[in-house]
>>> print(open('run_15.pdb').read())   # PDB, C-alpha atoms and all ligand atoms
ATOM      1  CA  MET I  25      98.044  76.420  51.878
ATOM      2  CA  ILE I  26      95.236  75.740  54.356
ATOM      3  CA  CYS I  27      95.881  78.184  57.169
ATOM      4  CA  THR I  28      95.531  77.719  60.912
ATOM      5  CA  LEU I  29      98.480  79.920  61.877
ATOM      6  CA  CYS I  30      96.660  82.253  64.274
ATOM      7  CA  PRO I  31      93.973  81.656  66.933
ATOM      8  CA  ARG I  32      91.204  82.403  64.422
ATOM      9  CA  MET I  33      92.080  79.023  62.880
ATOM     10  CA  CYS I  34      90.124  79.745  59.721
ATOM     11  CA  ALA I  35      91.366  76.610  57.916
ATOM     12  CA  ALA I  36      91.057  78.796  54.848
ATOM     13  CA  GLU I  37      92.761  78.403  51.515
ATOM     14  CA  ARG I  38      95.522  80.939  50.869
ATOM     15  CA  ASN I  39      97.127  80.968  47.432
ATOM     16  CA  SER I  40     100.215  83.048  46.684
ATOM     17  CA  VAL I  41      98.312  86.284  46.049
ATOM     18  CA  GLN I  42      95.106  86.115  48.056
ATOM     19  CA  GLY I  43      93.460  84.339  50.950
ATOM     20  CA  GLU I  44      89.965  83.316  51.969
ATOM     21  CA  GLY I  45      90.671  83.668  55.689
ATOM     22  CA  TYR I  46      89.846  86.378  58.197
ATOM     23  CA  CYS I  47      93.075  88.253  57.395
ATOM     24  CA  GLN I  48      92.472  87.836  53.648
ATOM     25  CA  MET I  49      96.194  87.562  53.020
ATOM     26  CA  GLY I  50      97.800  85.352  50.408
ATOM     27  CA  SER I  51     100.698  83.061  51.225
ATOM     28  CA  GLU I  52     103.456  85.162  49.674
ATOM     29  CA  ALA I  53     104.820  87.745  52.123
ATOM     30  CA  VAL I  54     103.574  91.323  51.776
ATOM     31  CA  VAL I  55     106.157  93.744  53.110
ATOM     32  CA  SER I  56     105.283  97.356  53.925
ATOM     33  CA  ARG I  57     108.559  98.746  55.144
ATOM     34  CA  ILE I  58     112.113  97.573  55.788
ATOM     35  CA  ALA I  59     114.249 100.177  57.547
ATOM     36  CA  PRO I  60     116.047 101.091  60.768
ATOM     37  CA  HIS I  61     113.561 102.235  63.389
ATOM     38  CA  MET I  62     114.527 104.320  66.427
ATOM     39  CA  TRP I  63     111.277 104.402  68.363
ATOM     40  CA  GLU I  64     111.286 101.059  70.168
ATOM     41  CA  GLU I  65     112.341 100.469  73.773
ATOM     42  CA  PRO I  66     115.912 101.758  74.444
ATOM     43  CA  CYS I  67     117.211  98.224  75.095
ATOM     44  CA  LEU I  68     116.181  97.412  71.505
ATOM     45  CA  SER I  69     116.733 100.684  69.623
ATOM     46  CA  GLY I  70     120.068 101.559  71.247
ATOM     47  CA  THR I  71     121.983 104.089  69.173
ATOM     48  CA  ASN I  72     121.644 102.494  65.726
ATOM     49  CA  GLY I  73     118.016 101.443  65.795
ATOM     50  CA  CYS I  74     116.107  98.219  65.252
ATOM     51  CA  GLY I  75     116.079  96.721  61.804
ATOM     52  CA  THR I  76     112.331  96.503  61.341
ATOM     53  CA  VAL I  77     110.404  94.522  58.785
ATOM     54  CA  PHE I  78     106.737  95.577  58.754
ATOM     55  CA  PHE I  79     104.316  93.177  57.099
ATOM     56  CA  GLY I  80     101.052  94.058  55.417
ATOM     57  CA  GLY I  81      97.803  92.676  56.831
ATOM     58  CA  CYS I  82      97.032  91.518  60.361
ATOM     59  CA  PRO I  83      95.042  88.555  61.727
ATOM     60  CA  LEU I  84      93.898  90.604  64.734
ATOM     61  CA  GLY I  85      92.879  93.903  63.130
ATOM     62  CA  CYS I  86      92.204  96.210  66.106
ATOM     63  CA  VAL I  87      89.704  98.932  65.271
ATOM     64  CA  TYR I  88      92.000 101.647  66.641
ATOM     65  CA  CYS I  89      95.205 100.363  65.013
ATOM     66  CA  GLN I  90      97.862 103.064  64.780
ATOM     67  CA  ASN I  91      99.358 101.387  61.688
ATOM     68  CA  ARG I  92      96.045 101.106  59.883
ATOM     69  CA  SER I  93      97.408 101.681  56.394
ATOM     70  CA  ILE I  94      99.363  98.446  56.585
ATOM     71  CA  SER I  95      97.258  96.334  58.968
ATOM     72  CA  HIS I  96      93.793  97.018  57.531
ATOM     73  CA  GLU I  97      94.558  98.436  54.086
ATOM     74  CA  LYS I  98      97.360  95.891  53.586
ATOM     75  CA  LYS I  99      99.718  98.406  52.056
ATOM     76  CA  GLY I 100     102.941  96.836  50.839
ATOM     77  CA  ARG I 101     104.273  94.702  48.041
ATOM     78  CA  ARG I 102     104.638  90.980  47.601
ATOM     79  CA  MET I 103     108.137  89.718  48.221
ATOM     80  CA  SER I 104     109.673  86.292  47.729
ATOM     81  CA  ASP I 105     111.340  84.632  50.714
ATOM     82  CA  GLU I 106     114.665  84.894  48.874
ATOM     83  CA  GLU I 107     114.314  88.669  48.443
ATOM     84  CA  LEU I 108     113.196  88.995  52.049
ATOM     85  CA  ALA I 109     116.395  87.184  53.119
ATOM     86  CA  GLU I 110     118.503  89.525  50.955
ATOM     87  CA  ARG I 111     116.815  92.605  52.393
ATOM     88  CA  ILE I 112     117.305  91.335  55.942
ATOM     89  CA  HIS I 113     120.986  90.789  55.218
ATOM     90  CA  ALA I 114     121.326  94.352  53.833
ATOM     91  CA  LEU I 115     119.502  95.750  56.848
ATOM     92  CA  GLU I 116     121.796  93.902  59.234
ATOM     93  CA  SER I 117     124.817  95.210  57.313
ATOM     94  CA  SER I 118     123.634  98.780  57.946
ATOM     95  CA  GLY I 119     124.528  98.340  61.637
ATOM     96  CA  VAL I 120     121.139  97.900  63.325
ATOM     97  CA  HIS I 121     121.134  96.153  66.699
ATOM     98  CA  ASN I 122     118.571  93.492  65.778
ATOM     99  CA  ILE I 123     116.179  92.352  63.076
ATOM    100  CA  SER I 124     112.602  92.907  64.201
ATOM    101  CA  PHE I 125     109.622  91.335  62.448
ATOM    102  CA  VAL I 126     106.447  93.330  63.071
ATOM    103  CA  THR I 127     103.099  91.508  62.872
ATOM    104  CA  GLY I 128     104.422  88.508  61.009
ATOM    105  CA  THR I 129     101.989  85.896  62.360
ATOM    106  CA  HIS I 130     100.317  85.261  59.007
ATOM    107  CA  PHE I 131     103.736  84.971  57.318
ATOM    108  CA  VAL I 132     105.500  82.661  59.766
ATOM    109  CA  PRO I 133     106.440  80.091  57.069
ATOM    110  CA  ASN I 134     107.975  82.877  54.942
ATOM    111  CA  VAL I 135     109.971  84.268  57.876
ATOM    112  CA  ILE I 136     111.248  80.806  58.794
ATOM    113  CA  HIS I 137     112.308  80.196  55.193
ATOM    114  CA  ALA I 138     114.041  83.601  54.948
ATOM    115  CA  LEU I 139     115.874  83.027  58.255
ATOM    116  CA  LYS I 140     117.027  79.616  57.069
ATOM    117  CA  ILE I 141     118.467  81.245  53.937
ATOM    118  CA  CYS I 142     120.159  83.977  55.963
ATOM    119  CA  LYS I 143     120.180  83.856  59.780
ATOM    120  CA  PRO I 144     121.277  87.256  61.174
ATOM    121  CA  GLN I 145     124.137  87.442  63.656
ATOM    122  CA  VAL I 146     122.184  90.054  65.642
ATOM    123  CA  PRO I 147     119.152  89.040  67.753
ATOM    124  CA  VAL I 148     115.872  88.346  65.976
ATOM    125  CA  VAL I 149     112.832  90.079  67.497
ATOM    126  CA  TRP I 150     109.213  88.951  67.095
ATOM    127  CA  ASN I 151     107.016  92.027  67.564
ATOM    128  CA  THR I 152     103.395  90.909  67.824
ATOM    129  CA  GLY I 153      99.958  91.955  68.970
ATOM    130  CA  GLY I 154     100.038  88.857  71.175
ATOM    131  CA  TYR I 155      97.279  87.027  69.319
ATOM    132  CA  GLU I 156      99.325  83.937  68.555
ATOM    133  CA  ARG I 157      98.905  80.179  68.701
ATOM    134  CA  VAL I 158     101.351  78.269  70.866
ATOM    135  CA  GLU I 159     101.733  75.698  68.073
ATOM    136  CA  THR I 160     102.813  78.434  65.645
ATOM    137  CA  LEU I 161     105.251  79.931  68.154
ATOM    138  CA  LYS I 162     106.862  76.519  68.566
ATOM    139  CA  MET I 163     107.761  76.714  64.854
ATOM    140  CA  LEU I 164     109.849  79.812  65.693
ATOM    141  CA  GLU I 165     111.731  78.219  68.582
ATOM    142  CA  GLY I 166     115.485  78.635  68.103
ATOM    143  CA  LEU I 167     115.004  81.298  65.421
ATOM    144  CA  VAL I 168     113.614  84.121  67.576
ATOM    145  CA  ASP I 169     115.728  85.539  70.405
ATOM    146  CA  ILE I 170     113.442  88.272  71.738
ATOM    147  CA  TYR I 171     109.671  88.280  71.879
ATOM    148  CA  LEU I 172     107.904  91.625  72.024
ATOM    149  CA  PRO I 173     104.198  90.850  72.508
ATOM    150  CA  ASP I 174     101.378  93.184  73.395
ATOM    151  CA  LEU I 175      99.067  92.234  76.209
ATOM    152  CA  LYS I 176      96.201  94.508  75.298
ATOM    153  CA  HIS I 177      93.206  93.722  77.482
ATOM    154  CA  VAL I 178      91.637  91.134  79.751
ATOM    155  CA  SER I 179      87.913  91.561  79.204
ATOM    156  CA  PRO I 180      86.321  89.314  76.530
ATOM    157  CA  ARG I 181      83.902  92.178  75.880
ATOM    158  CA  LEU I 182      86.765  94.543  75.058
ATOM    159  CA  GLY I 183      88.344  91.821  72.931
ATOM    160  CA  LYS I 184      85.109  91.508  70.980
ATOM    161  CA  ILE I 185      84.513  95.246  70.558
ATOM    162  CA  LEU I 186      88.087  96.207  69.757
ATOM    163  CA  ALA I 187      89.287  93.289  67.650
ATOM    164  CA  ASN I 188      86.403  90.846  67.149
ATOM    165  CA  ALA I 189      88.435  88.484  69.345
ATOM    166  CA  PRO I 190      86.702  87.689  72.644
ATOM    167  CA  ASP I 191      89.365  85.009  73.186
ATOM    168  CA  TYR I 192      92.181  87.572  72.951
ATOM    169  CA  PHE I 193      93.304  87.387  76.592
ATOM    170  CA  GLU I 194      93.202  83.600  76.736
ATOM    171  CA  ALA I 195      95.194  83.318  73.503
ATOM    172  CA  ALA I 196      97.691  86.080  74.311
ATOM    173  CA  THR I 197      98.485  84.853  77.821
ATOM    174  CA  SER I 198      99.043  81.281  76.599
ATOM    175  CA  ALA I 199     101.293  82.703  73.883
ATOM    176  CA  ILE I 200     103.283  84.843  76.316
ATOM    177  CA  LEU I 201     103.915  81.886  78.603
ATOM    178  CA  GLU I 202     105.266  79.975  75.594
ATOM    179  CA  MET I 203     107.469  82.943  74.639
ATOM    180  CA  GLN I 204     108.816  83.089  78.188
ATOM    181  CA  ARG I 205     109.486  79.347  78.101
ATOM    182  CA  GLN I 206     111.512  79.752  74.921
ATOM    183  CA  THR I 207     113.572  82.791  75.891
ATOM    184  CA  GLY I 208     113.928  82.549  79.664
ATOM    185  CA  GLU I 209     114.672  85.687  81.667
ATOM    186  CA  PRO I 210     116.136  88.759  79.926
ATOM    187  CA  VAL I 211     119.830  88.818  79.020
ATOM    188  CA  TYR I 212     121.580  92.091  78.107
ATOM    189  CA  ASP I 213     124.982  92.908  76.642
ATOM    190  CA  GLU I 214     127.502  95.290  78.208
ATOM    191  CA  ASN I 215     125.740  98.270  76.553
ATOM    192  CA  GLY I 216     122.331  97.407  77.955
ATOM    193  CA  LEU I 217     121.013  96.026  74.669
ATOM    194  CA  MET I 218     118.768  93.016  75.009
ATOM    195  CA  LYS I 219     120.177  89.794  73.572
ATOM    196  CA  ARG I 220     117.426  87.460  74.678
ATOM    197  CA  GLY I 221     114.132  87.648  76.561
ATOM    198  CA  THR I 222     110.491  88.664  76.447
ATOM    199  CA  ILE I 223     109.250  92.254  76.780
ATOM    200  CA  ILE I 224     105.522  92.793  77.290
ATOM    201  CA  ARG I 225     103.924  95.920  75.905
ATOM    202  CA  HIS I 226     100.685  97.404  77.126
ATOM    203  CA  LEU I 227      99.053 100.354  75.380
ATOM    204  CA  VAL I 228      96.877 102.312  77.788
ATOM    205  CA  LEU I 229      93.516 103.056  76.151
ATOM    206  CA  PRO I 230      91.230 105.968  77.094
ATOM    207  CA  GLY I 231      88.583 104.927  79.596
ATOM    208  CA  CYS I 232      90.065 101.439  80.045
ATOM    209  CA  THR I 233      92.458 101.822  82.978
ATOM    210  CA  GLY I 234      90.527  99.339  85.146
ATOM    211  CA  ASP I 235      91.253  96.667  82.552
ATOM    212  CA  SER I 236      94.890  97.819  82.345
ATOM    213  CA  LEU I 237      95.312  97.079  86.052
ATOM    214  CA  LYS I 238      94.064  93.529  85.480
ATOM    215  CA  VAL I 239      96.653  93.119  82.719
ATOM    216  CA  LEU I 240      99.354  94.123  85.206
ATOM    217  CA  ASP I 241      97.953  91.720  87.825
ATOM    218  CA  TRP I 242      98.336  88.836  85.377
ATOM    219  CA  ILE I 243     101.935  89.821  84.588
ATOM    220  CA  LYS I 244     102.764  90.043  88.287
ATOM    221  CA  GLU I 245     101.335  86.619  88.954
ATOM    222  CA  HIS I 246     102.714  84.714  85.969
ATOM    223  CA  MET I 247     105.943  86.302  84.735
ATOM    224  CA  PRO I 248     109.415  86.627  86.293
ATOM    225  CA  ALA I 249     109.957  89.929  88.123
ATOM    226  CA  SER I 250     112.723  90.822  85.666
ATOM    227  CA  THR I 251     110.308  90.903  82.707
ATOM    228  CA  PRO I 252     110.304  94.407  81.203
ATOM    229  CA  VAL I 253     106.766  95.772  80.973
ATOM    230  CA  SER I 254     106.529  98.654  78.543
ATOM    231  CA  ILE I 255     103.585 100.871  79.457
ATOM    232  CA  MET I 256     102.711 102.869  76.386
ATOM    233  CA  ARG I 257     100.817 106.130  76.216
ATOM    234  CA  GLN I 258     100.892 106.967  72.494
ATOM    235  CA  TYR I 259      97.300 106.003  71.742
ATOM    236  CA  THR I 260      96.163 108.385  69.012
ATOM    237  CA  PRO I 261      92.512 108.461  67.870
ATOM    238  CA  ILE I 262      91.924 107.781  64.198
ATOM    239  CA  LYS I 263      88.853 108.859  62.236
ATOM    240  CA  GLU I 264      88.090 105.316  61.075
ATOM    241  CA  CYS I 265      87.538 104.136  64.658
ATOM    242  CA  THR I 266      83.986 104.878  65.758
ATOM    243  CA  VAL I 267      84.018 103.082  69.119
ATOM    244  CA  LYS I 268      82.599 105.404  71.737
ATOM    245  CA  GLY I 269      85.277 106.745  74.061
ATOM    246  CA  LEU I 270      88.232 106.037  71.792
ATOM    247  CA  ASP I 271      88.027 109.478  70.182
ATOM    248  CA  ARG I 272      90.510 111.091  72.540
ATOM    249  CA  LYS I 273      94.025 110.612  73.820
ATOM    250  CA  VAL I 274      94.815 109.113  77.200
ATOM    251  CA  THR I 275      94.902 111.710  79.969
ATOM    252  CA  ASP I 276      97.921 112.205  82.224
ATOM    253  CA  ALA I 277      95.840 110.939  85.160
ATOM    254  CA  GLU I 278      94.923 107.724  83.325
ATOM    255  CA  TYR I 279      98.493 106.985  82.323
ATOM    256  CA  GLU I 280      99.839 107.790  85.770
ATOM    257  CA  ARG I 281      97.244 105.534  87.430
ATOM    258  CA  VAL I 282      98.491 102.570  85.412
ATOM    259  CA  VAL I 283     102.165 103.432  85.941
ATOM    260  CA  GLN I 284     101.631 103.901  89.672
ATOM    261  CA  TYR I 285      99.996 100.494  89.935
ATOM    262  CA  ALA I 286     102.874  98.874  88.035
ATOM    263  CA  LEU I 287     105.292 100.457  90.501
ATOM    264  CA  GLU I 288     103.195  99.251  93.460
ATOM    265  CA  LEU I 289     103.390  95.732  92.041
ATOM    266  CA  GLN I 290     107.164  96.203  91.667
ATOM    267  CA  LEU I 291     107.067  95.342  87.991
ATOM    268  CA  ASN I 292     110.081  96.174  85.838
ATOM    269  CA  ALA I 293     108.122  98.994  84.205
ATOM    270  CA  LEU I 294     109.378 100.953  81.205
ATOM    271  CA  ILE I 295     107.640 104.316  81.256
ATOM    272  CA  GLN I 296     107.025 106.484  78.219
ATOM    273  CA  GLU I 297     107.399 110.256  77.958
ATOM    274  CA  LYS I 298     104.351 112.291  77.010
ATOM    275  CA  GLU I 299     106.025 113.375  73.750
ATOM    276  CA  ALA I 300     105.557 109.793  72.526
ATOM    277  CA  ALA I 301     101.819 110.413  72.150
ATOM    278  CA  GLN I 302     102.187 111.979  68.736
ATOM    279  CA  GLU I 303     101.246 110.775  65.288
ATOM    280  CA  CYS I 304     104.736 111.598  63.984
ATOM    281  CA  PHE I 305     105.947 108.381  65.622
ATOM    282  CA  ILE I 306     103.804 106.358  63.238
ATOM    283  CA  PRO I 307     106.338 105.167  60.611
ATOM    284  CA  ASP I 308     106.198 106.279  57.006
ATOM    285  CA  PHE I 309     105.122 103.187  55.093
ATOM    286  CA  ASP I 310     106.110 104.633  51.729
ATOM    287  CA  LEU I 311     109.776 103.887  52.392
ATOM    288  CA  LEU I 312     110.059 100.313  51.163
TER     289      LEU I 312
HETATM  290  S1  LIG J   1      96.573  83.875  59.668
HETATM  291 FE1  LIG J   1      94.781  84.639  58.504
HETATM  292  S2  LIG J   1      94.011  82.895  57.319
HETATM  293 FE2  LIG J   1      95.431  82.094  58.878
HETATM  294  S3  LIG J   1      94.124  81.483  60.592
HETATM  295 FE3  LIG J   1      94.784  83.596  60.987
HETATM  296  S4  LIG J   1      93.237  84.971  60.083
HETATM  297 FE4  LIG J   1      92.914  82.883  59.268
END
>>> encode(input="run_15.pdb", output="structure tokens")
Amino acid sequence: MICTLCPRMCAAERNSVQGEGYCQMGSEAVVSRIAPHMWEEPCLSGTNGCGTVFFGGCPLGCVYCQNRSISHEKKGRRMSDEELAERIHALESSGVHNISFVTGTHFVPNVIHALKICKPQVPVVWNTGGYERVETLKMLEGLVDIYLPDLKHVSPRLGKILANAPDYFEAATSAILEMQRQTGEPVYDENGLMKRGTIIRHLVLPGCTGDSLKVLDWIKEHMPASTPVSIMRQYTPIKECTVKGLDRKVTDAEYERVVQYALELQLNALIQEKEAAQECFIPDFDLL
């Protein structure tokens, strides 16, 4: 295939096992982990967990990525669309509240094929770094019930330094507006589990709270007031990231500044406990 799935629009050749594009991924899905996952927002995890499918590789590739072993090192194994459909079906049968695809942008055709073989009865979640093309999201319309995008930063300079993507904000905000168009405002069941909607995640980064406030300003201006905004504090420095200032955790004062601003804006903020800022919440990717 010639790939233009993500905003990098490499137009690169991807054969089944390898790719010439920025993400270097082939066209057959690489899956790193398929398992129930308890550590998402409560309206997604509930009591039985999300049924998560983590893919190997990532078109964005943030330098500080907390899932580096799968995003940068591409840990995982190749899986046919038919096997992916079978595994999704088994995961749904285990009682999870939804099926959640994590960083699947570069495998959108595989996900669509797997969902056409076996469409879950529970909601389908698209968990993404936000760096998506509107045209690619349109391919998912009617198949995805809940979008879970990051909105990471506003500044083109930060986009360049952190992910070699100075167009990150422009791409992510266009993508989020398309997600909102597709899902409409959030809908919950009688137990408070989300059935449909868009949740925006924002990971607070050390030394970047000024940019975080601009992220919240955009959400306030462009999204319905009911949109859940998950303000995350679990940034954990990794040795591979050498960007100055990213070698420490977020302080309480930094996190509280961002939360306080979200409350001032009357956003529907989901606030994270300090205990979340631990490496133990990074999934074990040896459990495929
Ligand atoms: S998904 Fe990969 S190959 Fe395709 S446009 Fe994006 S970075 Fe390039």
>>> residues_near_ligand(input="run_15.pdb", ligand="ligand LIG 1 (chain J)", cutoff="7 Å", atoms="all atoms listed in the file", output="VMD selection string")
chain I and resid 27 to 36 38 43 to 49 83 129 to 130
>>> residues_around(input="run_15.pdb", residues="Leu287 of chain I", least_positions_apart="2", cutoff="12 Å", atoms="only C-alpha atoms", output="number ranges by chain")
I: 237, 240-241, 244, 249, 253, 255, 280-285, 289-295
>>> closest_residue(input="run_15.pdb", among="I:Ile170, I:Val149, I:Ala138, I:Ala114", to="Glu209 of chain I", atoms="only C-alpha atoms")
I:Ile170
>>> resolve_selection(input="run_15.pdb", expression="the PyMOL selection byres (((chain I and resi 109) around 12) and not hetatm)", output="number ranges by chain")
I: 53, 58, 77, 103-108, 110-116, 123, 134-144
>>> residues_around(input="run_15.pdb", residues="Gly80 of chain I", least_positions_apart="4", cutoff="8 Å", atoms="only C-alpha atoms", output="list of chain:residue names")
I:Val54, I:Val55, I:Ser56, I:Ile94, I:Ser95, I:Glu97, I:Lys98, I:Lys99, I:Gly100
>>> closest_atom_pairs(input="run_15.pdb", of="segment 258-295 of chain I", to="segment 178-196 of chain I", cutoff="12 Å", atoms="all atoms listed in the file", output="JSON lines")
{"residue": "I:Cys265", "atom": "CA", "partner": "I:Leu186", "partner_atom": "CA", "distance": 9.4}
{"residue": "I:Thr266", "atom": "CA", "partner": "I:Leu186", "partner_atom": "CA", "distance": 10.4}
{"residue": "I:Val267", "atom": "CA", "partner": "I:Ile185", "partner_atom": "CA", "distance": 8.0}
{"residue": "I:Lys268", "atom": "CA", "partner": "I:Ile185", "partner_atom": "CA", "distance": 10.4}
{"residue": "I:Gly269", "atom": "CA", "partner": "I:Leu186", "partner_atom": "CA", "distance": 11.7}
{"residue": "I:Leu270", "atom": "CA", "partner": "I:Leu186", "partner_atom": "CA", "distance": 10.0}
>>> residues_around(input="run_15.pdb", residues="segment 217-219 of chain I", least_positions_apart="5", cutoff="9 Å", atoms="only C-alpha atoms", output="list in words")
Pro66, Cys67, Leu68, Ser69, Gly70, His121, Asn122, Val146, Pro147, Val148, Asp169, Ile170, Pro210, Val211 and Tyr212 of chain I
>>> closest_residue(input="run_15.pdb", among="I:Ile224, I:Tyr259, I:Gly119, I:Leu175", to="Lys238 of chain I", atoms="all atoms listed in the file")
I:Leu175
>>> atom_distance(input="run_15.pdb", atom1="atom CA of Val168 of chain I", atom2="atom CA of Tyr88 of chain I")
27.8 Å
>>> atom_distance(input="run_15.pdb", atom1="atom CA of Ser118 of chain I", atom2="atom CA of Ser93 of chain I")
26.4 Å
>>> closest_residue(input="run_15.pdb", among="I:Thr207, I:Thr152, I:Thr160, I:Ser198", to="Asp174 of chain I", atoms="all atoms listed in the file")
I:Thr152
>>> atom_distance(input="run_15.pdb", atom1="atom CA of Phe131 of chain I", atom2="atom CA of Ala59 of chain I")
18.5 Å
>>> closest_residue(input="run_15.pdb", among="I:Arg157, I:Arg225, I:Arg57, I:Lys162", to="Thr251 of chain I", atoms="all atoms listed in the file")
I:Arg225
>>> closest_residue(input="run_15.pdb", among="I:Trp150, I:His96, I:Asp213, I:Thr233", to="Cys74 of chain I", atoms="all atoms listed in the file")
I:Trp150
>>> closest_residue(input="run_15.pdb", among="I:Ser51, I:Thr76, I:Ser236, I:Thr260", to="Trp63 of chain I", atoms="only C-alpha atoms")
I:Thr76
>>> residues_around(input="run_15.pdb", residues="Cys232 of chain I", least_positions_apart="3", cutoff="9 Å", atoms="all atoms listed in the file", output="list of chain:residue names")
I:His177, I:Val228, I:Leu229, I:Asp235, I:Ser236, I:Glu278
>>> write_last_selection(input="run_15.pdb", atoms="C-alpha atoms", output="PDB file, keeping the file's coordinate frame")
ATOM      1  CA  HIS I 177      93.206  93.722  77.482  1.00  0.00           C
ATOM      2  CA  VAL I 228      96.877 102.312  77.788  1.00  0.00           C
ATOM      3  CA  LEU I 229      93.516 103.056  76.151  1.00  0.00           C
ATOM      4  CA  ASP I 235      91.253  96.667  82.552  1.00  0.00           C
ATOM      5  CA  SER I 236      94.890  97.819  82.345  1.00  0.00           C
ATOM      6  CA  GLU I 278      94.923 107.724  83.325  1.00  0.00           C
TER       7      GLU I 278
END
